[in-house]
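Visitor: Data: my_file17.txt, compact mmCIF, C-alpha atoms.
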```txt
# COMPACT_ATOMS: atom_id res chain seq x y z
CA MET Q 1 -18.65 -3.56 -0.68
CA SER Q 2 -18.14 -2.61 -4.32
CA VAL Q 3 -19.18 0.75 -5.68
CA ARG Q 4 -21.45 -1.20 -8.04
CA ASP Q 5 -23.46 -2.44 -5.06
CA GLU Q 6 -24.87 1.05 -4.68
CA THR Q 7 -24.46 2.98 -7.93
CA SER Q 8 -22.52 2.79 -11.17
CA ALA Q 9 -18.95 4.04 -11.40
CA GLU Q 10 -20.10 6.70 -13.84
CA GLY Q 11 -22.90 7.83 -11.56
CA LEU Q 12 -20.63 7.96 -8.55
CA ALA Q 13 -18.01 9.86 -10.55
CA GLY Q 14 -20.51 12.65 -11.17
CA LEU Q 15 -21.43 12.82 -7.49
CA LEU Q 16 -17.77 12.89 -6.46
CA ALA Q 17 -16.99 15.60 -9.00
CA ALA Q 18 -19.81 17.65 -7.53
CA GLU Q 19 -18.12 17.36 -4.12
CA ALA Q 20 -15.09 19.00 -5.73
CA GLY Q 21 -17.27 21.83 -7.02
CA TRP Q 22 -17.08 20.46 -10.55
CA ALA Q 23 -20.33 20.35 -12.49
CA ALA Q 24 -21.43 16.76 -12.93
CA GLY Q 25 -21.15 15.63 -16.51
CA SER Q 26 -18.58 18.29 -17.44
CA ALA Q 27 -15.59 17.41 -19.56
CA GLY Q 28 -12.46 16.84 -17.55
CA ILE Q 29 -13.89 14.35 -15.05
CA VAL Q 30 -11.57 11.34 -15.09
CA VAL Q 31 -12.05 8.09 -13.15
CA LEU Q 32 -8.53 7.21 -11.97
CA LYS Q 33 -9.43 4.07 -10.04
CA ASP Q 34 -12.49 1.93 -9.43
CA THR Q 35 -11.75 -1.02 -7.16
CA ARG Q 36 -12.48 -1.11 -3.42
CA VAL Q 37 -12.03 2.63 -3.67
CA THR Q 38 -13.19 5.00 -6.37
CA VAL Q 39 -10.91 7.90 -7.25
CA VAL Q 40 -11.98 10.72 -9.54
CA ARG Q 41 -10.06 13.74 -10.77
CA ALA Q 42 -12.11 16.87 -11.40
CA GLY Q 43 -9.90 19.71 -12.54
CA GLU Q 44 -7.11 20.10 -9.98
CA VAL Q 45 -8.99 18.21 -7.28
CA VAL Q 46 -8.87 14.47 -6.62
CA VAL Q 47 -11.89 13.00 -4.86
CA LYS Q 48 -11.64 9.61 -3.19
CA ALA Q 49 -14.58 7.45 -2.14
CA HIS Q 50 -13.43 4.97 0.50
CA PRO Q 51 -15.09 1.59 1.18
CA SER Q 52 -18.40 1.90 3.00
CA GLU Q 53 -17.05 -0.09 5.96
CA THR Q 54 -14.23 2.43 6.56
CA ASP Q 55 -13.95 3.63 10.16
CA VAL Q 56 -14.63 7.35 9.74
CA VAL Q 57 -13.00 8.29 13.06
CA GLU Q 58 -9.79 6.49 12.13
CA LEU Q 59 -9.85 8.02 8.65
CA GLY Q 60 -10.22 11.46 10.23
CA ALA Q 61 -7.15 10.85 12.40
CA ARG Q 62 -5.21 9.84 9.29
CA LEU Q 63 -6.21 13.08 7.56
CA VAL Q 64 -4.94 15.05 10.55
CA ALA Q 65 -1.65 13.14 10.41
CA ALA Q 66 -1.24 13.95 6.72
CA GLY Q 67 -1.81 17.63 7.37
CA ALA Q 68 0.78 17.60 10.16
CA LEU Q 69 3.62 16.36 7.95
CA PRO Q 70 4.00 18.85 5.07
CA GLY Q 71 6.70 17.87 2.64
CA VAL Q 72 6.32 14.22 3.58
CA LEU Q 73 2.62 13.46 3.11
CA LEU Q 74 0.30 15.23 0.70
CA ALA Q 75 -2.10 17.24 2.85
CA PRO Q 76 -5.83 16.89 2.18
CA LEU Q 77 -7.78 19.90 1.00
CA SER Q 78 -9.99 19.39 4.04
CA GLU Q 79 -9.82 17.25 7.17
CA ARG Q 80 -13.58 16.80 6.94
CA VAL Q 81 -14.80 13.36 5.85
CA ARG Q 82 -17.85 13.71 3.63
CA LEU Q 83 -20.45 11.00 2.92
CA VAL Q 84 -21.63 10.28 -0.63
CA GLU Q 85 -23.95 7.34 -1.31
CA GLY Q 86 -22.94 5.85 2.04
CA ARG Q 87 -19.24 6.11 1.20
CA PRO Q 88 -16.74 8.23 3.19
CA VAL Q 89 -15.20 10.74 0.80
CA THR Q 90 -12.03 12.84 1.04
CA LEU Q 91 -10.66 15.69 -1.12
CA TRP Q 92 -7.04 16.07 -2.25
CA PRO Q 93 -4.98 18.29 -4.52
CA ALA Q 94 -3.96 16.66 -7.79
CA GLY Q 95 -0.30 15.72 -8.13
CA GLU Q 96 1.85 14.30 -10.93
CA PRO Q 97 2.26 10.51 -10.58
CA VAL Q 98 5.36 8.46 -11.28
CA ASP Q 99 5.56 7.16 -14.84
CA PRO Q 100 4.92 3.38 -14.51
CA ALA Q 101 6.58 2.79 -17.88
CA ASP Q 102 9.96 4.04 -16.63
CA PRO Q 103 10.82 2.22 -13.38
CA GLY Q 104 14.51 2.91 -13.83
CA GLY Q 105 13.85 6.64 -13.91
CA ALA Q 106 11.47 6.49 -10.95
CA PRO Q 107 12.22 8.48 -7.77
CA TRP Q 108 13.58 5.53 -5.79
CA GLU Q 109 15.89 7.73 -3.73
CA GLU Q 110 13.27 10.40 -3.10
CA GLY Q 111 10.64 7.82 -2.09
CA ALA Q 112 13.10 6.14 0.26
CA ALA Q 113 14.03 9.46 1.88
CA LEU Q 114 10.34 10.29 2.38
CA LEU Q 115 9.83 6.97 4.17
CA ALA Q 116 12.84 7.65 6.41
CA ARG Q 117 11.33 11.01 7.36
CA LEU Q 118 7.92 9.45 7.97
CA HIS Q 119 9.39 6.75 10.20
CA ALA Q 120 11.23 9.37 12.27
CA ALA Q 121 8.17 11.58 12.75
CA PRO Q 122 6.37 11.81 16.09
CA ILE Q 123 2.96 10.17 16.16
CA HIS Q 124 0.27 12.78 15.67
CA PRO Q 125 -2.54 12.71 16.47
CA PRO Q 126 -2.22 10.33 19.46
CA SER Q 127 -5.39 8.59 18.26
CA LEU Q 128 -3.69 7.40 15.06
CA PRO Q 129 -4.67 3.72 14.65
CA ARG Q 130 -2.44 0.78 13.82
CA HIS Q 131 -1.41 0.69 10.20
CA GLY Q 132 -3.52 -1.34 7.82
CA GLY Q 133 -0.86 -3.43 6.10
CA PRO Q 134 -1.70 -6.81 7.71
CA ALA Q 135 -5.38 -6.31 6.94
CA ARG Q 136 -4.50 -5.89 3.26
CA VAL Q 137 -2.77 -9.28 3.26
CA ARG Q 138 -5.76 -10.91 4.93
CA ARG Q 139 -8.21 -9.37 2.44
CA ALA Q 140 -6.12 -10.49 -0.54
CA VAL Q 141 -5.98 -14.10 0.69
CA ALA Q 142 -9.67 -14.12 1.66
CA ALA Q 143 -10.67 -12.90 -1.80
CA LEU Q 144 -8.48 -15.55 -3.42
CA THR Q 145 -9.84 -18.43 -1.37
CA GLU Q 146 -13.52 -17.66 -1.95
CA ARG Q 147 -13.26 -20.55 -4.36
CA ASP Q 148 -10.48 -23.04 -5.11
CA ASP Q 149 -11.20 -24.55 -8.48
CA GLY Q 150 -10.01 -25.13 -12.00
CA PRO Q 151 -6.50 -24.35 -13.26
CA TYR Q 152 -5.78 -21.97 -10.37
CA ALA Q 153 -6.26 -24.52 -7.58
CA SER Q 154 -2.57 -25.38 -7.32
CA ALA Q 155 -1.55 -21.72 -7.14
CA VAL Q 156 -4.19 -21.04 -4.48
CA ARG Q 157 -2.92 -23.93 -2.35
CA THR Q 158 0.66 -22.71 -2.68
CA ILE Q 159 -0.25 -19.20 -1.60
CA THR Q 160 -2.37 -20.32 1.33
CA ALA Q 161 0.44 -22.62 2.51
CA ALA Q 162 2.80 -19.63 2.60
CA TYR Q 163 0.12 -17.51 4.27
CA ALA Q 164 -0.31 -20.11 7.01
CA GLN Q 165 3.30 -19.48 8.05
CA SER Q 166 2.75 -15.74 8.54
CA ASP Q 167 2.27 -14.11 11.95
CA LEU Q 168 0.77 -10.87 10.72
CA ASP Q 169 0.16 -9.41 14.15
CA ALA Q 170 3.80 -9.88 15.09
CA ILE Q 171 5.32 -8.50 11.91
CA GLY Q 172 2.74 -5.77 11.52
CA HIS Q 173 2.81 -4.31 14.98
CA ARG Q 174 5.77 -5.67 16.95
CA ALA Q 175 9.45 -5.62 16.26
CA GLY Q 176 11.15 -8.47 14.46
CA GLY Q 177 14.80 -7.55 15.02
CA PRO Q 178 17.11 -8.00 18.00
CA GLU Q 179 15.89 -6.31 21.14
CA GLY Q 180 17.05 -2.74 21.45
CA HIS Q 181 17.84 -2.34 17.75
CA ALA Q 182 16.58 0.76 15.99
CA GLY Q 183 14.37 -1.41 13.80
CA ASP Q 184 12.39 -2.38 16.89
CA ARG Q 185 10.19 0.69 16.62
CA ALA Q 186 6.88 -0.94 17.44
CA GLY Q 187 5.34 2.49 17.82
CA GLY Q 188 6.55 4.32 14.73
CA MET Q 189 4.64 5.97 11.91
CA VAL Q 190 4.04 3.56 9.03
CA HIS Q 191 2.52 4.23 5.61
CA GLY Q 192 1.14 0.70 5.43
CA ASP Q 193 0.92 0.32 1.64
CA TRP Q 194 4.04 1.85 0.13
CA HIS Q 195 5.01 1.48 -3.52
CA LEU Q 196 6.00 3.95 -6.22
CA GLY Q 197 2.35 4.57 -7.08
CA GLN Q 198 2.11 6.24 -3.67
CA VAL Q 199 4.58 8.96 -4.63
CA VAL Q 200 3.55 12.08 -6.59
CA ARG Q 201 5.15 15.39 -7.45
CA TYR Q 202 3.24 18.33 -6.01
CA GLY Q 203 4.39 21.90 -5.66
CA GLY Q 204 7.77 21.01 -7.15
CA GLN Q 205 8.57 18.22 -4.69
CA TRP Q 206 7.87 14.52 -4.23
CA VAL Q 207 5.41 13.59 -1.47
CA LEU Q 208 3.64 10.46 -0.27
CA ILE Q 209 -0.07 9.96 -0.92
CA ASP Q 210 -2.84 7.59 0.18
CA VAL Q 211 -3.32 7.57 3.95
CA ASP Q 212 -5.87 4.74 3.98
CA ASP Q 213 -3.45 2.43 5.81
CA LEU Q 214 -1.36 5.05 7.63
CA GLY Q 215 -0.82 4.22 11.28
CA VAL Q 216 1.40 2.93 14.03
CA GLY Q 217 3.54 -0.17 13.61
CA VAL Q 218 6.88 -1.66 12.62
CA ALA Q 219 8.51 0.57 10.00
CA ALA Q 220 10.10 -2.34 8.10
CA TRP Q 221 6.64 -3.07 6.69
CA ASP Q 222 6.99 -0.08 4.36
CA LEU Q 223 10.13 -1.52 2.77
CA ALA Q 224 8.68 -5.00 2.39
CA ARG Q 225 6.95 -4.62 -0.98
CA PRO Q 226 10.05 -3.64 -2.98
CA ALA Q 227 11.97 -6.24 -0.93
CA ALA Q 228 9.44 -8.88 -2.00
CA TRP Q 229 9.74 -7.88 -5.65
CA PHE Q 230 13.53 -8.02 -5.40
CA ALA Q 231 13.53 -11.41 -3.66
CA SER Q 232 11.18 -12.76 -6.35
CA GLY Q 233 13.54 -11.63 -9.10
CA LEU Q 234 11.11 -9.00 -10.35
CA LEU Q 235 12.98 -5.86 -9.27
CA GLU Q 236 16.36 -5.02 -10.74
CA PRO Q 237 19.19 -5.29 -8.18
CA GLU Q 238 20.30 -1.79 -9.18
CA TRP Q 239 16.91 -0.31 -8.31
CA TRP Q 240 16.73 -2.21 -5.04
CA GLY Q 241 20.22 -1.02 -4.15
CA ARG Q 242 19.30 2.57 -4.93
CA PHE Q 243 16.19 2.33 -2.76
CA ILE Q 244 17.61 0.65 0.34
CA GLY Q 245 20.85 2.66 0.12
CA ALA Q 246 18.96 5.94 -0.02
CA TYR Q 247 16.73 4.90 2.90
CA LEU Q 248 19.74 4.21 5.11
CA ALA Q 249 21.56 7.34 3.91
CA ALA Q 250 18.54 9.41 4.91
CA GLY Q 251 18.73 8.04 8.45
CA GLY Q 252 16.06 5.37 8.11
CA THR Q 253 15.88 3.18 11.21
CA ALA Q 254 13.61 0.33 10.09
CA VAL Q 255 16.47 -1.96 9.10
CA SER Q 256 20.08 -2.68 10.04
CA ALA Q 257 22.74 -1.13 7.84
CA ASP Q 258 24.87 -4.27 8.06
CA ASP Q 259 22.02 -6.69 7.26
CA PRO Q 260 18.68 -5.14 6.22
CA TRP Q 261 17.17 -8.61 5.69
CA ARG Q 262 17.34 -9.29 9.41
CA GLU Q 263 14.24 -7.10 9.72
CA LEU Q 264 12.93 -7.42 6.17
CA ASP Q 265 12.77 -11.17 5.69
CA VAL Q 266 9.51 -11.87 7.50
CA PRO Q 267 7.47 -8.84 6.33
CA ALA Q 268 8.75 -9.35 2.77
CA ARG Q 269 7.34 -12.88 2.87
CA ALA Q 270 3.95 -11.52 3.94
CA LEU Q 271 3.96 -9.00 1.08
CA THR Q 272 4.93 -11.77 -1.35
CA VAL Q 273 1.78 -13.61 -0.25
CA GLN Q 274 -0.32 -10.47 -0.78
CA LEU Q 275 1.15 -9.76 -4.21
CA ALA Q 276 0.72 -13.35 -5.33
CA ALA Q 277 -2.85 -13.57 -4.05
CA THR Q 278 -3.82 -10.35 -5.81
CA ALA Q 279 -2.12 -11.46 -9.02
CA VAL Q 280 -3.78 -14.88 -9.15
CA ALA Q 281 -7.17 -13.39 -8.34
CA ALA Q 282 -6.73 -10.98 -11.25
CA ALA Q 283 -5.78 -13.78 -13.66
CA ARG Q 284 -8.71 -15.88 -12.50
CA GLY Q 285 -11.07 -12.95 -12.89
CA GLU Q 286 -9.90 -12.49 -16.47
CA GLY Q 287 -10.00 -16.22 -17.19
CA ARG Q 288 -6.42 -16.42 -18.44
CA PRO Q 289 -3.27 -18.37 -17.51
CA LEU Q 290 -0.78 -16.84 -15.10
CA ASP Q 291 1.77 -14.64 -16.80
CA GLU Q 292 5.50 -14.70 -16.09
CA VAL Q 293 5.33 -12.20 -13.22
CA GLU Q 294 2.37 -13.91 -11.56
CA ASP Q 295 4.02 -17.30 -11.87
CA ALA Q 296 7.22 -15.93 -10.28
CA LEU Q 297 5.24 -14.65 -7.29
CA VAL Q 298 3.51 -18.01 -6.81
CA SER Q 299 6.87 -19.77 -7.07
CA SER Q 300 8.21 -17.48 -4.34
CA CYS Q 301 5.28 -18.47 -2.14
CA GLY Q 302 6.21 -22.11 -2.72
CA ARG Q 303 9.75 -21.44 -1.53
CA ILE Q 304 8.43 -19.57 1.50
CA ALA Q 305 6.18 -22.48 2.48
CA ARG Q 306 8.96 -25.05 2.05
CA LEU Q 307 11.63 -23.08 3.88
CA THR Q 308 9.39 -22.12 6.79
CA SER Q 309 7.96 -25.60 7.30
CA SER Q 310 11.45 -27.13 7.30
CA ARG Q 311 12.60 -25.01 10.25
```
Reformat the file's structure so that it appears as structure tokens.
Guide:
Amino acid sequence: MSVRDETSAEGLAGLLAAEAGWAAGSAGIVVLKDTRVTVVRAGEVVVKAHPSETDVVELGARLVAAGALPGVLLAPLSERVRLVEGRPVTLWPAGEPVDPADPGGAPWEEGAALLARLHAAPIHPPSLPRHGGPARVRRAVAALTERDDGPYASAVRTITAAYAQSDLDAIGHRAGGPEGHAGDRAGGMVHGDWHLGQVVRYGGQWVLIDVDDLGVGVAAWDLARPAAWFASGLLEPEWWGRFIGAYLAAGGTAVSADDPWRELDVPARALTVQLAATAVAAARGEGRPLDEVEDALVSSCGRIARLTSSR
């Protein structure tokens, strides 16, 4: 359900700012995001309104998990889940995000090391749910296929053909590598939606944010998005090398040191489908042709569909 189904983004922003103790309508209230979630910064507090269908019990467990891993995950200001206009709401300290205009200067090594530490952490609390990565793929494809018309029809068919080859339950929650390998951690901690936008500097150190999809699963999922970008030719080999090298150097166990793609190949294909579906939906929503990046992602889906069907 969109925020606009219940109230305007501006109206919700004021209500969320009030939850942070910030007077509604005061200068300094900034809407950082308004999609399925609405994120508002009020002073040094970030307030996040989650989708109305969010499982509040599971979200509460994820808040507890974040608080239990200082230095890895940004801890919430409170483990209490509030309700505002029917939306679960959480409060967080404001951190400094990665500069999206400088990917080469981004904290690839630091982000990789944080993932390695997360993947090695004991599961706490025991009620932590499965991670939400596969559900994100399903939502992206479902949103794309609500209609299949006009100049985007071919791209939609290509993406859905690649999606049809994905076993999301297997790659999201069970191991994909050889039995007994370290990457077979079917019960490890997984962020579920890792990318550089999920890393901020707080208190002088880099930490992971956004626990919406945090849970139990196969750790290779967290490496799959940069792997998908790299495989699609959209991530510089140098940056990919820095990332995967730092992950292994930090003791990361999601992939094999001798052949990381043994574990990464299948989840990277699923993330390629998600990225392509989201990209085409955005282009269609704006009524414009696919740009170079979007076209590259769709082309990757075409290769996935052809290679998988030929096996």
Visitor: Using all atoms listed in the file, find the one residue out of Q:Asp210, Q:Asp295, Q:Glu58, Q:Asp102 that sits nearest to Val37 (chain Q).
Guide: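 The shortest atom-to-atom distance to Val37 (chain Q) comes from Q:Asp210.
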Visitor: Taking into account only C-alpha atoms, which residue in the set Q:Val39, Q:Leu214, Q:Ala228, Q:Pro97 is nearest to Leu63 (chain Q)?
Guide: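 Ranked by minimum distance to Leu63 (chain Q), first place goes to Q:Leu214.
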Visitor: Compare Q:Pro289, Q:Trp239, Q:Gln205, Q:Gly233 by their minimum atom-to-atom distance to Gly150 (chain Q), counting all atoms listed in the file, and give me the closest one.
Guide: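 The answer is Q:Pro289, which sits nearest to Gly150 (chain Q).
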Visitor: CA of Trp240 (chain Q) and CA of Gly104 (chain Q), how far apart in Å?
Guide: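 Taking CA of Gly104 (chain Q) and CA of Trp240 (chain Q), their separation equals 10.4 Å.
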Visitor: Compare Q:Leu196, Q:Leu32, Q:Val72, Q:Ala42 by their minimum atom-to-atom distance to Asp99 (chain Q), counting all atoms listed in the file, and give me the closest one.
Guide: Q:Leu196
Visitor: Taking a cut-off of 12 Å and counting only C-alpha atoms, can you build a table that, for each residue of region 125-144 of chain Q near region 262-278 of chain Q, reports the nearest atom pair and how far apart they are in Å (one decimal), sorted by chain then residue number, as a Markdown table?
Guide:
```
| residue | atom | partner | partner_atom | distance |
| --- | --- | --- | --- | --- |
| Q:Gly133 | CA | Q:Leu271 | CA | 8.9 |
| Q:Pro134 | CA | Q:Ala270 | CA | 8.3 |
| Q:Ala135 | CA | Q:Gln274 | CA | 10.1 |
| Q:Arg136 | CA | Q:Gln274 | CA | 7.4 |
| Q:Val137 | CA | Q:Gln274 | CA | 4.9 |
| Q:Arg138 | CA | Q:Gln274 | CA | 7.9 |
| Q:Arg139 | CA | Q:Gln274 | CA | 8.6 |
| Q:Ala140 | CA | Q:Ala277 | CA | 5.7 |
| Q:Val141 | CA | Q:Ala277 | CA | 5.7 |
| Q:Ala142 | CA | Q:Ala277 | CA | 8.9 |
| Q:Ala143 | CA | Q:Ala277 | CA | 8.2 |
| Q:Leu144 | CA | Q:Ala277 | CA | 6.0 |
```
Visitor: Would you mind putting back N, CA and C atoms on region 79-97 of chain Q, then writing it out as a short mmCIF file (atom, residue, chain, number, x, y, z; two decimals), in the coordinates of the input?
Guide:
```
data_model
loop_
_atom_site.label_atom_id
_atom_site.label_comp_id
_atom_site.auth_asym_id
_atom_site.auth_seq_id
_atom_site.Cartn_x
_atom_site.Cartn_y
_atom_site.Cartn_z
N GLU Q 79 -9.86 18.38 6.23
CA GLU Q 79 -9.82 17.25 7.17
C GLU Q 79 -11.22 16.71 7.45
N ARG Q 80 -12.20 17.27 6.79
CA ARG Q 80 -13.58 16.80 6.94
C ARG Q 80 -13.80 15.57 6.06
N VAL Q 81 -14.42 14.54 6.62
CA VAL Q 81 -14.80 13.36 5.85
C VAL Q 81 -16.26 13.53 5.44
N ARG Q 82 -16.49 13.58 4.15
CA ARG Q 82 -17.85 13.71 3.63
C ARG Q 82 -18.47 12.32 3.44
N LEU Q 83 -19.77 12.26 3.24
CA LEU Q 83 -20.45 11.00 2.92
C LEU Q 83 -21.20 11.16 1.62
N VAL Q 84 -20.95 10.26 0.67
CA VAL Q 84 -21.63 10.28 -0.63
C VAL Q 84 -22.10 8.86 -0.92
N GLU Q 85 -23.40 8.67 -1.05
CA GLU Q 85 -23.95 7.34 -1.31
C GLU Q 85 -23.47 6.31 -0.28
N GLY Q 86 -23.37 6.74 0.97
CA GLY Q 86 -22.94 5.85 2.04
C GLY Q 86 -21.45 5.60 2.09
N ARG Q 87 -20.69 6.30 1.25
CA ARG Q 87 -19.24 6.11 1.20
C ARG Q 87 -18.53 7.31 1.82
N PRO Q 88 -17.55 7.11 2.72
CA PRO Q 88 -16.74 8.23 3.19
C PRO Q 88 -15.92 8.78 2.03
N VAL Q 89 -15.86 10.09 1.93
CA VAL Q 89 -15.20 10.74 0.80
C VAL Q 89 -14.23 11.80 1.30
N THR Q 90 -13.04 11.85 0.68
CA THR Q 90 -12.03 12.84 1.04
C THR Q 90 -11.58 13.58 -0.22
N LEU Q 91 -11.08 14.83 -0.01
CA LEU Q 91 -10.66 15.69 -1.12
C LEU Q 91 -9.16 15.97 -1.03
N TRP Q 92 -8.49 15.92 -2.19
CA TRP Q 92 -7.04 16.07 -2.25
C TRP Q 92 -6.63 16.94 -3.43
N PRO Q 93 -5.50 17.61 -3.33
CA PRO Q 93 -4.98 18.29 -4.52
C PRO Q 93 -4.41 17.28 -5.50
N ALA Q 94 -4.47 17.58 -6.78
CA ALA Q 94 -3.96 16.66 -7.79
C ALA Q 94 -2.46 16.82 -7.95
N GLY Q 95 -1.74 15.71 -7.92
CA GLY Q 95 -0.30 15.72 -8.13
C GLY Q 95 0.06 14.98 -9.40
N GLU Q 96 1.35 14.98 -9.74
CA GLU Q 96 1.85 14.30 -10.93
C GLU Q 96 2.40 12.94 -10.52
N PRO Q 97 1.81 11.85 -11.02
CA PRO Q 97 2.26 10.51 -10.58
C PRO Q 97 3.56 10.11 -11.25
#
```
